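Here is the structure we will look at.
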Amino acid sequence: MAYSNLVAEMARKGITIKKMAETMKKSVSKVSKNINGSGGDFNVEEAIFIRDTFFPNCEIEYLFRREK
């Protein structure tokens, strides 16, 4: 799991990959692959959008810290 902090925050707030994908106007598959690290990273604009839309109280560095 590339973004385990993001996944943990999603679980805490009940935000599904489907909800995130719909809000971002991306496919569920693409968002899932981004989160899992198998489809490239989120770009800066996407990361800021996710933080501002879903997790305004979280630091962007925390949410998008990559796990190896």
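Ordering of the structure tokens sets the chain letters (A, B, ...); residue numbers start at 1 within each chain; ligands are numbered from 1 in the order shown.
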
Inset, instruction - Might you pull out every residue within 12 Å of region 47-51 of chain A, with only C-alpha atoms counted and same-chain residues fewer than 2 positions away left off, and present them as a PyMOL selection string? - result: chain A and resi 3+5-6+9-10+15+17+19-25+31+34-35+41-45+53-65

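In this model, the gap between CA of Arg66 (chain A) and CA of Glu46 (chain A) comes to 15.4 Å.
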
Legend entry - Selection: 9 Å around Asn36 (chain A), only C-alpha atoms, excl. self and same-chain fewer than 2 positions, as a VMD selection string: chain A and resid 1 to 4 31 to 34 38 to 40

Inset, instruction - Could you give me, as a PyMOL selection string, each residue of chain A that DSSP assigns to helix (DSSP H, G or I) when run on this structure's backbone? - result: chain A and resi 4-13+17-24+28-36+44-54+60-63
